[in-house]
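Text of protein19.tsv, listed as TSV, C-alpha atoms and all ligand atoms:
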chain	number	residue	atom	x	y	z
A	11	MET	CA	40.34	134.81	-111.88
A	12	LYS	CA	43.09	135.54	-109.36
A	13	THR	CA	44.83	132.76	-107.44
A	14	LEU	CA	44.81	132.83	-103.65
A	15	ALA	CA	48.44	134.00	-103.61
A	16	GLN	CA	47.59	136.87	-105.98
A	17	LYS	CA	44.63	137.87	-103.87
A	18	ILE	CA	46.74	137.93	-100.70
A	19	LEU	CA	49.41	140.03	-102.44
A	20	PHE	CA	46.75	142.45	-103.61
A	21	LEU	CA	45.23	142.73	-100.12
A	22	LYS	CA	48.62	143.28	-98.54
A	23	SER	CA	49.43	146.09	-100.96
A	24	GLN	CA	46.26	148.07	-100.12
A	25	SER	CA	45.42	150.30	-97.18
A	26	LEU	CA	42.48	149.49	-94.91
A	27	LYS	CA	40.53	152.39	-96.41
A	28	ALA	CA	41.23	151.22	-99.95
A	29	LEU	CA	40.08	147.72	-99.07
A	30	ASP	CA	36.82	149.00	-97.59
A	31	GLN	CA	36.28	150.81	-100.90
A	32	PHE	CA	37.16	147.65	-102.80
A	33	PHE	CA	34.56	145.68	-100.80
A	34	GLN	CA	32.14	148.65	-101.01
A	35	LEU	CA	31.88	148.68	-97.24
A	36	ARG	CA	31.38	151.65	-94.94
A	37	PRO	CA	32.70	150.79	-91.47
A	38	ILE	CA	29.89	152.62	-89.71
A	39	THR	CA	30.30	153.12	-85.99
A	40	ASP	CA	27.83	155.24	-84.01
A	41	VAL	CA	24.25	154.09	-84.06
A	42	GLU	CA	21.52	156.32	-82.66
A	43	ARG	CA	19.91	154.06	-80.13
A	44	ASP	CA	20.21	153.11	-76.47
A	45	GLY	CA	21.38	149.62	-75.79
A	46	ALA	CA	23.68	147.34	-73.91
A	47	ASP	CA	27.36	148.31	-73.61
A	48	VAL	CA	28.44	145.18	-75.44
A	49	LEU	CA	26.91	146.51	-78.64
A	50	TYR	CA	29.33	149.45	-78.70
A	51	LEU	CA	26.71	151.80	-80.09
A	52	LYS	CA	28.72	155.00	-79.63
A	53	GLY	CA	32.20	156.40	-79.25
A	54	LEU	CA	34.42	153.73	-80.80
A	55	THR	CA	36.63	154.23	-83.81
A	56	PRO	CA	36.17	151.81	-86.74
A	57	GLU	CA	39.71	150.54	-86.03
A	58	ALA	CA	38.72	149.54	-82.49
A	59	LEU	CA	35.31	148.18	-83.40
A	60	TYR	CA	36.18	146.08	-86.44
A	61	THR	CA	38.94	143.64	-87.31
A	62	SER	CA	41.20	144.70	-90.15
A	63	TYR	CA	41.54	142.58	-93.30
A	64	HIS	CA	45.29	142.59	-92.78
A	65	ASP	CA	45.01	140.80	-89.44
A	66	LEU	CA	43.36	137.81	-91.08
A	67	LEU	CA	45.58	137.26	-94.10
A	68	GLU	CA	47.58	134.50	-92.47
A	69	VAL	CA	45.03	132.77	-90.32
A	70	MET	CA	42.39	132.42	-93.03
A	71	PRO	CA	44.59	130.53	-95.55
A	72	TRP	CA	45.89	128.41	-92.67
A	73	LEU	CA	42.36	127.43	-91.65
A	74	TYR	CA	41.36	126.74	-95.25
A	75	GLN	CA	44.39	124.49	-95.58
A	76	GLN	CA	43.20	122.59	-92.46
A	77	GLY	CA	39.93	121.88	-94.29
A	78	ALA	CA	37.76	124.68	-92.91
A	79	ARG	CA	35.16	125.90	-95.40
A	80	ARG	CA	32.46	127.53	-93.28
A	81	TRP	CA	33.39	130.71	-91.38
A	82	CYS	CA	31.10	132.29	-88.81
A	83	ASP	CA	31.73	135.69	-87.24
A	84	VAL	CA	29.69	135.76	-84.04
A	85	GLY	CA	28.90	139.46	-83.62
A	86	CYS	CA	30.00	140.28	-87.15
A	87	GLY	CA	29.52	144.06	-87.14
A	88	VAL	CA	29.58	145.27	-90.76
A	89	GLY	CA	30.70	141.82	-91.87
A	90	ARG	CA	34.28	142.57	-92.89
A	91	THR	CA	35.66	139.17	-91.88
A	92	CYS	CA	32.84	137.34	-93.66
A	93	LEU	CA	33.27	139.31	-96.88
A	94	LEU	CA	36.98	138.62	-96.82
A	95	TRP	CA	36.54	134.86	-96.29
A	96	ALA	CA	33.90	134.59	-99.02
A	97	TRP	CA	36.06	136.56	-101.46
A	98	LEU	CA	39.27	134.64	-100.71
A	99	PHE	CA	37.71	131.17	-101.05
A	100	GLU	CA	35.01	130.96	-103.66
A	101	ASP	CA	34.03	127.39	-102.75
A	102	ALA	CA	33.59	128.40	-99.10
A	103	GLU	CA	30.81	130.14	-97.21
A	104	ALA	CA	30.63	132.81	-94.52
A	105	HIS	CA	27.97	133.40	-91.86
A	106	GLY	CA	27.58	136.57	-89.84
A	107	VAL	CA	25.38	137.01	-86.76
A	108	GLU	CA	24.76	140.57	-85.60
A	109	LEU	CA	22.28	142.26	-83.33
A	110	VAL	CA	22.58	145.81	-84.68
A	111	PRO	CA	20.54	145.96	-87.92
A	112	GLU	CA	22.32	149.04	-89.31
A	113	ARG	CA	25.61	147.15	-89.30
A	114	LEU	CA	24.13	144.05	-90.80
A	115	GLU	CA	22.46	146.06	-93.56
A	116	GLU	CA	25.89	147.43	-94.50
A	117	ALA	CA	27.24	143.88	-94.61
A	118	ARG	CA	24.35	142.68	-96.79
A	119	SER	CA	24.71	145.51	-99.24
A	120	ALA	CA	28.49	144.98	-99.59
A	121	ALA	CA	27.98	141.24	-100.08
A	122	ARG	CA	25.69	141.90	-103.06
A	123	SER	CA	28.67	143.36	-104.91
A	124	LEU	CA	30.86	140.27	-104.39
A	125	PRO	CA	31.29	138.02	-107.46
A	126	ALA	CA	30.38	134.82	-105.58
A	127	PRO	CA	28.60	135.93	-102.48
A	128	HIS	CA	28.32	132.77	-100.41
A	129	THR	CA	27.43	134.89	-97.42
A	130	TYR	CA	24.56	134.36	-95.00
A	131	TRP	CA	23.44	136.95	-92.47
A	132	ILE	CA	21.43	136.48	-89.32
A	133	GLU	CA	20.03	139.47	-87.51
A	134	GLY	CA	19.75	138.29	-83.93
A	135	ASP	CA	21.21	137.81	-80.50
A	136	PHE	CA	23.66	134.92	-80.58
A	137	ALA	CA	23.20	134.52	-76.81
A	138	SER	CA	19.45	134.05	-76.94
A	139	PRO	CA	18.34	130.47	-76.20
A	140	SER	CA	16.15	130.48	-79.31
A	141	GLN	CA	18.97	131.61	-81.65
A	142	LYS	CA	20.75	128.61	-83.13
A	143	LEU	CA	24.36	129.17	-84.13
A	144	PRO	CA	25.03	128.60	-87.82
A	145	ASP	CA	26.86	125.34	-88.51
A	146	ALA	CA	30.43	126.30	-89.21
A	147	ASP	CA	33.99	124.99	-89.11
A	148	VAL	CA	35.39	128.22	-87.67
A	149	TYR	CA	33.86	130.67	-85.19
A	150	PHE	CA	35.44	134.10	-84.97
A	151	ILE	CA	35.16	135.96	-81.67
A	152	TYR	CA	36.07	139.57	-80.99
A	153	LEU	CA	33.78	140.24	-78.05
A	154	ALA	CA	33.61	141.43	-74.46
A	155	THR	CA	33.33	138.96	-71.60
A	156	GLY	CA	30.05	138.68	-69.71
A	157	PRO	CA	26.81	136.73	-69.74
A	158	GLN	CA	26.49	136.95	-73.54
A	159	LEU	CA	29.89	135.40	-74.06
A	160	ASP	CA	29.09	132.73	-71.46
A	161	ALA	CA	25.92	131.85	-73.34
A	162	LEU	CA	27.91	131.63	-76.57
A	163	LEU	CA	30.51	129.37	-74.98
A	164	THR	CA	27.77	127.06	-73.75
A	165	LYS	CA	26.48	126.79	-77.31
A	166	LEU	CA	29.92	126.12	-78.76
A	167	LYS	CA	30.57	123.49	-76.11
A	168	ARG	CA	27.36	121.65	-77.06
A	169	ARG	CA	28.23	121.38	-80.75
A	170	SER	CA	28.63	117.79	-81.83
A	171	SER	CA	31.52	118.24	-84.25
A	172	PRO	CA	34.88	119.90	-83.61
A	173	ALA	CA	35.36	123.49	-84.69
A	174	TRP	CA	38.11	126.07	-84.72
A	175	VAL	CA	37.56	129.14	-82.59
A	176	VAL	CA	39.60	132.20	-83.51
A	177	VAL	CA	39.86	134.85	-80.83
A	178	VAL	CA	40.95	138.47	-80.74
A	179	GLU	CA	41.40	139.77	-77.20
A	180	SER	CA	38.89	142.46	-76.48
A	181	HIS	CA	39.61	144.13	-73.13
A	182	GLY	CA	42.30	141.99	-71.56
A	183	ASP	CA	39.93	139.62	-69.80
A	184	LEU	CA	38.78	137.38	-72.66
A	185	LYS	CA	41.75	135.04	-72.86
A	186	PRO	CA	41.93	134.68	-69.03
A	187	ARG	CA	38.21	133.83	-69.12
A	188	LEU	CA	38.85	131.17	-71.76
A	189	GLN	CA	41.56	129.54	-69.64
A	190	TRP	CA	38.76	128.11	-67.50
A	191	GLU	CA	37.38	126.36	-70.58
A	192	ALA	CA	40.72	125.03	-71.83
A	193	TRP	CA	39.73	121.38	-71.31
A	194	TRP	CA	37.11	121.55	-74.09
A	195	LEU	CA	38.26	124.73	-75.85
A	196	ALA	CA	41.91	123.86	-76.24
A	197	PRO	CA	44.36	126.58	-77.26
A	198	THR	CA	46.39	125.27	-80.17
A	199	ALA	CA	50.08	126.04	-80.59
A	200	THR	CA	49.07	128.18	-83.52
A	201	ARG	CA	48.74	131.91	-83.10
A	202	PHE	CA	49.13	134.79	-85.50
A	203	ALA	CA	50.58	138.25	-84.92
A	204	LEU	CA	48.10	141.12	-85.22
A	205	GLN	CA	49.05	144.36	-86.88
A	206	SER	CA	46.26	146.35	-85.25
A	207	GLN	CA	46.64	147.73	-81.74
A	208	ARG	CA	44.84	145.30	-79.45
A	209	HIS	CA	45.06	144.34	-75.79
A	210	ASP	CA	46.99	141.29	-76.82
A	211	PRO	CA	49.13	141.30	-79.97
A	212	TRP	CA	48.20	137.71	-80.85
A	213	LEU	CA	45.25	136.23	-82.57
A	214	GLN	CA	44.78	132.85	-80.87
A	215	VAL	CA	43.34	129.73	-82.44
A	216	TYR	CA	41.43	127.24	-80.27
A	217	ARG	CA	39.90	123.87	-81.08
A	218	THR	CA	36.72	122.52	-79.49
A	219	ARG	CA	36.70	118.97	-78.14
A	220	PRO	CA	33.14	117.68	-78.39
A	221	ASP	CA	34.29	114.13	-77.55
A	222	HIS	CA	35.65	115.05	-74.12
A	223	PRO	CA	34.22	112.51	-71.58
A	224	VAL	CA	33.58	115.23	-69.01
A	225	LEU	CA	30.85	116.62	-71.26
A	226	SER	CA	28.68	113.61	-70.45
A	227	LEU	CA	29.52	114.00	-66.79
A	228	GLU	CA	28.25	117.57	-66.99
A	229	ASP	CA	25.12	116.33	-68.75
A	230	ALA	CA	24.51	113.89	-65.92
A	231	TRP	CA	24.94	116.63	-63.32
A	232	GLU	CA	22.60	118.88	-65.24
A	233	GLY	CA	19.70	116.54	-64.48
A	234	ARG	CA	20.37	116.44	-60.75
A	235	SER	CA	19.07	118.71	-58.07
A	236	GLY	CA	20.59	119.44	-54.69
A	237	LEU	CA	24.20	120.03	-53.94
A	238	LEU	CA	26.60	118.74	-56.53
A	239	PRO	CA	28.38	115.64	-55.33
A	240	ASN	CA	31.98	114.99	-54.44
A	241	GLU	CA	32.72	113.80	-57.94
A	242	LEU	CA	33.07	117.47	-58.83
A	243	ALA	CA	36.74	116.75	-58.23
A	244	LEU	CA	36.65	114.66	-61.44
A	245	HIS	CA	36.08	117.83	-63.41
A	246	PRO	CA	39.24	119.17	-65.08
A	247	SER	CA	38.22	122.72	-64.22
A	248	PRO	CA	36.00	122.53	-61.13
A	249	LEU	CA	36.17	126.24	-60.47
A	250	GLY	CA	35.51	127.09	-64.11
A	251	TYR	CA	32.47	124.82	-64.01
A	252	LEU	CA	31.21	126.31	-60.77
A	253	LEU	CA	31.62	129.82	-62.03
A	254	GLY	CA	30.16	129.16	-65.44
A	255	LYS	CA	27.06	127.78	-63.75
A	256	SER	CA	26.80	130.39	-61.07
A	257	PHE	CA	26.84	133.16	-63.68
A	258	GLN	CA	23.52	131.76	-64.77
A	259	ARG	CA	20.57	133.07	-62.90
A	260	HIS	CA	19.09	129.80	-61.72
A	261	TRP	CA	22.21	128.47	-60.00
A	262	GLU	CA	23.96	129.42	-56.81
A	263	LEU	CA	27.17	128.54	-55.03
A	264	VAL	CA	27.15	126.80	-51.68
A	265	VAL	CA	30.07	127.92	-49.55
A	266	GLU	CA	31.37	125.84	-46.67
A	267	GLU	CA	33.40	128.07	-44.39
A	268	PHE	CA	34.19	127.84	-40.67
A	269	ALA	CA	31.92	124.78	-40.28
A	270	GLU	CA	29.04	126.75	-41.74
A	271	MET	CA	27.28	126.42	-45.07
A	272	TRP	CA	25.77	129.45	-46.80
A	273	THR	CA	24.71	130.32	-50.32
A	274	MET	CA	25.75	133.00	-52.78
A	275	GLU	CA	25.13	134.16	-56.32
A	276	THR	CA	28.27	135.33	-58.09
A	277	LEU	CA	29.24	138.01	-60.54
A	278	GLY	CA	32.35	136.34	-61.76
A	279	LEU	CA	36.03	136.25	-61.17
A	280	THR	CA	38.03	139.28	-60.30
A	281	TRP	CA	40.64	138.82	-62.94
A	282	PHE	CA	43.43	140.62	-61.15
A	283	ASN	CA	43.29	137.77	-58.66
A	284	PRO	CA	42.23	134.44	-60.13
A	285	GLN	CA	42.11	132.96	-56.64
A	286	SER	CA	39.10	134.98	-55.65
A	287	ILE	CA	35.45	134.86	-56.46
A	288	GLN	CA	33.40	137.96	-56.26
A	289	GLY	CA	30.03	137.30	-54.71
A	290	GLU	CA	27.21	139.45	-55.91
A	291	HIS	CA	24.45	138.40	-53.51
A	292	PRO	CA	25.70	138.81	-50.83
A	293	PRO	CA	28.54	141.12	-51.95
A	294	ARG	CA	31.54	139.24	-50.72
A	295	GLN	CA	35.06	138.26	-51.85
A	296	ILE	CA	36.11	134.75	-51.05
A	297	GLU	CA	39.31	132.97	-51.84
A	298	TRP	CA	38.18	129.74	-53.34
A	299	THR	CA	41.22	127.80	-52.07
A	300	LYS	CA	40.28	128.66	-48.49
A	301	VAL	CA	36.68	127.42	-48.56
A	302	LYS	CA	34.84	124.39	-49.86
A	303	LEU	CA	32.53	125.16	-52.73
A	304	GLY	CA	29.49	123.37	-54.05
A	305	LEU	CA	26.84	124.29	-56.53
A	306	ARG	CA	23.12	123.82	-56.74
A	307	ARG	CA	20.10	124.94	-58.66
A	308	LEU	CA	18.21	127.64	-56.87
A	309	PRO	CA	15.58	125.67	-54.96
A	310	GLU	CA	12.01	126.24	-56.07
A	311	ASP	CA	10.41	125.94	-52.66
A	312	VAL	CA	8.55	129.03	-51.59
A	313	PRO	CA	10.37	130.45	-48.60
A	314	TYR	CA	13.80	129.84	-50.11
A	315	ARG	CA	12.95	131.30	-53.50
A	316	GLN	CA	11.43	134.32	-51.83
A	317	TRP	CA	14.53	134.80	-49.68
A	318	ALA	CA	16.83	134.48	-52.70
A	319	ASP	CA	14.79	137.12	-54.57
A	320	TRP	CA	14.98	139.49	-51.59
A	321	ARG	CA	18.72	138.88	-51.33
A	322	ARG	CA	19.20	139.55	-55.04
A	323	HIS	CA	17.12	142.73	-55.14
A	324	GLU	CA	18.29	144.04	-51.76
A	325	THR	CA	14.64	144.43	-50.86
A	326	SER	CA	13.80	146.48	-47.76
A	327	LEU	CA	12.32	144.12	-45.20
A	328	ARG	CA	10.81	144.18	-41.79
A	329	TYR	CA	11.10	141.21	-39.49
A	330	SER	CA	9.58	140.13	-36.25
A	331	THR	CA	10.54	137.30	-33.98
A	332	ALA	CA	9.04	136.02	-30.78
A	333	HIS	CA	11.34	138.45	-28.96
A	334	ALA	CA	11.60	141.49	-31.22
A	335	ASP	CA	9.62	143.05	-33.99
A	336	GLY	CA	9.51	145.84	-36.47
A	337	ARG	CA	13.17	146.06	-37.51
A	338	ARG	CA	13.90	147.44	-40.99
A	339	VAL	CA	16.68	145.50	-42.68
A	340	LYS	CA	17.95	143.86	-45.83
A	341	LEU	CA	18.66	140.19	-46.13
A	342	ARG	CA	22.37	139.43	-46.39
A	343	LYS	CA	23.06	135.75	-45.94
A	344	ILE	CA	21.06	132.58	-46.13
A	345	ILE	CA	22.75	130.01	-43.91
A	346	LEU	CA	21.88	126.39	-44.49
A	347	SER	CA	23.75	124.64	-41.69
A	348	PRO	CA	24.54	123.75	-38.97
A	349	VAL	CA	21.46	125.79	-38.01
A	350	PRO	CA	19.34	127.18	-40.84
A	351	CYS	CA	19.06	130.91	-40.32
A	352	LEU	CA	18.98	134.27	-42.04
A	353	GLU	CA	21.49	137.03	-41.44
A	354	PHE	CA	20.32	140.61	-41.86
A	355	SER	CA	22.04	143.91	-42.58
A	356	ASP	CA	21.89	144.84	-38.90
A	357	GLY	CA	24.13	141.85	-38.19
A	358	VAL	CA	21.40	139.92	-36.42
A	359	ARG	CA	20.89	136.26	-37.25
A	360	ILE	CA	17.54	134.67	-36.78
A	361	GLN	CA	16.88	130.96	-36.92
A	362	CYS	CA	14.40	130.15	-39.62
A	363	GLN	CA	12.12	128.41	-37.11
A	364	ASP	CA	11.94	131.61	-35.01
A	365	LEU	CA	10.92	133.88	-37.87
A	366	THR	CA	7.29	134.45	-37.11
A	367	ASN	CA	7.02	137.28	-39.59
A	368	LEU	CA	9.26	138.54	-42.36
A	369	GLU	CA	7.82	140.76	-45.01
A	370	GLU	CA	8.60	143.50	-47.45
A	371	ASP	CA	8.76	146.98	-45.95
A	372	LYS	CA	6.52	148.87	-48.36
B	401	LIG	C1	33.93	144.34	-81.27
B	401	LIG	S1	32.72	144.17	-82.51
B	401	LIG	C2	33.47	143.01	-83.61
B	401	LIG	C3	32.89	143.01	-85.01
B	401	LIG	C4	33.44	141.96	-85.95
B	401	LIG	N1	33.42	140.66	-85.36
B	401	LIG	C5	34.86	142.29	-86.35
B	401	LIG	O1	35.75	141.73	-85.74
B	401	LIG	O2	35.04	143.12	-87.25
B	401	LIG	C6	31.48	143.17	-81.70
B	401	LIG	C7	30.17	143.11	-82.46
B	401	LIG	O3	29.36	142.12	-81.82
B	401	LIG	C8	28.02	142.58	-81.80
B	401	LIG	N2	27.34	141.87	-80.69
B	401	LIG	C9	27.60	141.97	-79.36
B	401	LIG	N3	26.79	141.16	-78.66
B	401	LIG	C10	26.00	140.54	-79.57
B	401	LIG	C11	24.96	139.56	-79.44
B	401	LIG	N4	24.59	139.09	-78.26
B	401	LIG	N5	24.38	139.09	-80.57
B	401	LIG	C12	24.76	139.57	-81.80
B	401	LIG	N6	25.73	140.50	-81.96
B	401	LIG	C13	26.35	140.97	-80.87
B	401	LIG	C14	28.14	144.07	-81.58
B	401	LIG	O4	26.97	144.75	-82.00
B	401	LIG	C15	29.37	144.39	-82.43
B	401	LIG	O5	28.99	144.74	-83.74
As structure tokens - that is how I would like this structure written.
Amino acid sequence: MKTLAQKILFLKSQSLKALDQFFQLRPITDVERDGADVLYLKGLTPEALYTSYHDLLEVMPWLYQQGARRWCDVGCGVGRTCLLWAWLFEDAEAHGVELVPERLEEARSAARSLPAPHTYWIEGDFASPSQKLPDADVYFIYLATGPQLDALLTKLKRRSSPAWVVVVESHGDLKPRLQWEAWWLAPTATRFALQSQRHDPWLQVYRTRPDHPVLSLEDAWEGRSGLLPNELALHPSPLGYLLGKSFQRHWELVVEEFAEMWTMETLGLTWFNPQSIQGEHPPRQIEWTKVKLGLRRLPEDVPYRQWADWRRHETSLRYSTAHADGRRVKLRKIILSPVPCLEFSDGVRIQCQDLTNLEEDK
């Protein structure tokens, strides 16, 4: 049996191709199926899609030395990182979660040839509410930003024990996204140089902080309805919190601007300018330092919910008032105060009390 040092020397002396042969792994790329962009079903090289063994040869022993035994690659592809962890540390275990079955099948078959295959594979969507994350000491992330990553972060944040999170930058926006979470997902001083060409030449190690007192504050806010209170200022990352919530479909931002309050669903930050928030419904850029922002659950009451749906889907509408009727428009803005009204694509604002008829233009 080889020692860890011997194994590392062996791995370092081999090419990536030779190591794939050693692990009996084919780094398959294109998969014949339509699907979401984040699954990278076509057009990527294996080098871009998968992390190389060589990029993990320092971080893995470091983590093991810190006491980590359970590795989880969230979006594990063909399972390279898991196979490597399980082979390096025979008393440890590796978990891979992957949505593309062809990739996971490759991982499973390679794992069968390992001498001590403490590997566990989950075919599923790590972002789905019903998919529990495997319990692990380390979570490895090489993923795009977007709603799936947000869902994953929410799950990691809710874990009750601390974990390491190891991150490879995907497109240049992942590490900036994580800055908003730095109060519970703290970047450690430890980072490791990558040999592969990536958007950022460093592999960064983070540590979750499940004991952070603000987590209970967030829990308390979760149960409330209406506009979030002034104590939002207690949050170490108020904007990060607002954005994280507003990415979710059942929340919206409340913007106070020029003595007026209106509501908006967001897409996210425009990363080239971290001062601005890009509204999705209505499409609008606002500089968050220049307005006051609140957050609320989308109200369930019938006219509001209907208006929010129309705003989101840019539904063609026809409205009538006591003074005018029959105009074809789209709903732009829902204004809450000082006078509740709706603003339409023709620029006209109508007070809610004067809307005698507003319906879909079929
Ligand atoms: C850039 S690759 C990284 C693969 C692997 N972690 C590595 O570093 O070698 C991202 C992988 O995550 C998978 N993936 C993306 N979103 C997923 C989701 N919501 N659930 C499960 N797997 C997902 C993709 O199919 C892809 O195989």
Can you work out which residues are within 8 Å of ligand LIG 401 (chain B), considering all atoms listed in the file, and then hand them over as a ChimeraX atom specification? /A:48-51,58-62,83-91,107-110,113,133-138,150-154,158-159,178,180
Which residue is closest to Ala104 (chain A)? Choose from A:Glu68, A:Asp371, A:Glu267, A:Asp145 and count only C-alpha atoms. A:Asp145
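Note that CA of Pro56 (chain A) and CA of Ala146 (chain A) are 26.3 Å apart.
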In Å to one decimal, how far is CA of Thr273 (chain A) from CA of Ile345 (chain A)? 6.7 Å
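We find CA of Trp72 (chain A) and CA of Leu114 (chain A) to be spaced 26.9 Å apart.
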Counting all atoms listed in the file, which residues of region 88-193 of chain A sit at most 12 Å from some atom of region 283-303 of chain A, and what is each one's closest atom pair with its distance in Å to one decimal, listed by chain and rising residue number, as a Markdown table?
| residue | atom | partner | partner_atom | distance |
| --- | --- | --- | --- | --- |
| A:Asp183 | CA | A:Pro284 | CA | 11.2 |
| A:Pro186 | CA | A:Pro284 | CA | 8.9 |
| A:Arg187 | CA | A:Pro284 | CA | 9.9 |
| A:Gln189 | CA | A:Pro284 | CA | 10.7 |
| A:Trp190 | CA | A:Pro284 | CA | 10.3 |
Non-local contacts of Thr198 (chain A) (6 Å; only C-alpha atoms; under 2 positions in same chain excluded) as a ChimeraX atom specification: /A:200,215-216
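With only C-alpha atoms as the basis for measurement, A:Leu184 is the residue among A:Cys92, A:Ala196, A:Ala78, A:Leu184 that approaches Asp160 (chain A) most closely.
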Residues near Pro125 (chain A), cut-off 9 Å, all atoms listed in the file, skip fewer than 2 positions along chain, as an MDAnalysis selection string: chainID A and resid 97 100 121:123 127
Taking into account only C-alpha atoms, which residue in the set A:Gln214, A:Gln361, A:Asn367, A:Gln75 is nearest to Leu327 (chain A)? A:Asn367
May I have the residues at most 12 Å from (43.7, 129.6, -88.8) in the file's coordinates, counting only C-alpha atoms, as a VMD selection string? chain A and resid 65 to 79 81 95 147 to 150 173 to 177 197 to 203 213 to 217
Edge lengths and centre, in Å to one decimal, as lines of an AutoDock Vina configuration file: that's what I need for the box along x, y and z that holds all listed atoms of region 34-45 of chain A plus 6 Å on each side.
center_x = 26.3
center_y = 152.5
center_z = -88.4
size_x = 24.8
size_y = 19.7
size_z = 37.2
Please work out which residues fall within 9 Å of (10.9, 146.4, -46.5), coordinates as given in the file, with all atoms listed in the file counting, and return them as an MDAnalysis selection string. chainID A and resid 325:329 338:340 369:372
Leaving out Trp272 (chain A) and any residue of its chain fewer than 4 positions from it, which residues lie within 7 Å of it when counting only C-alpha atoms, given as a ChimeraX atom specification? /A:264-266,343-346
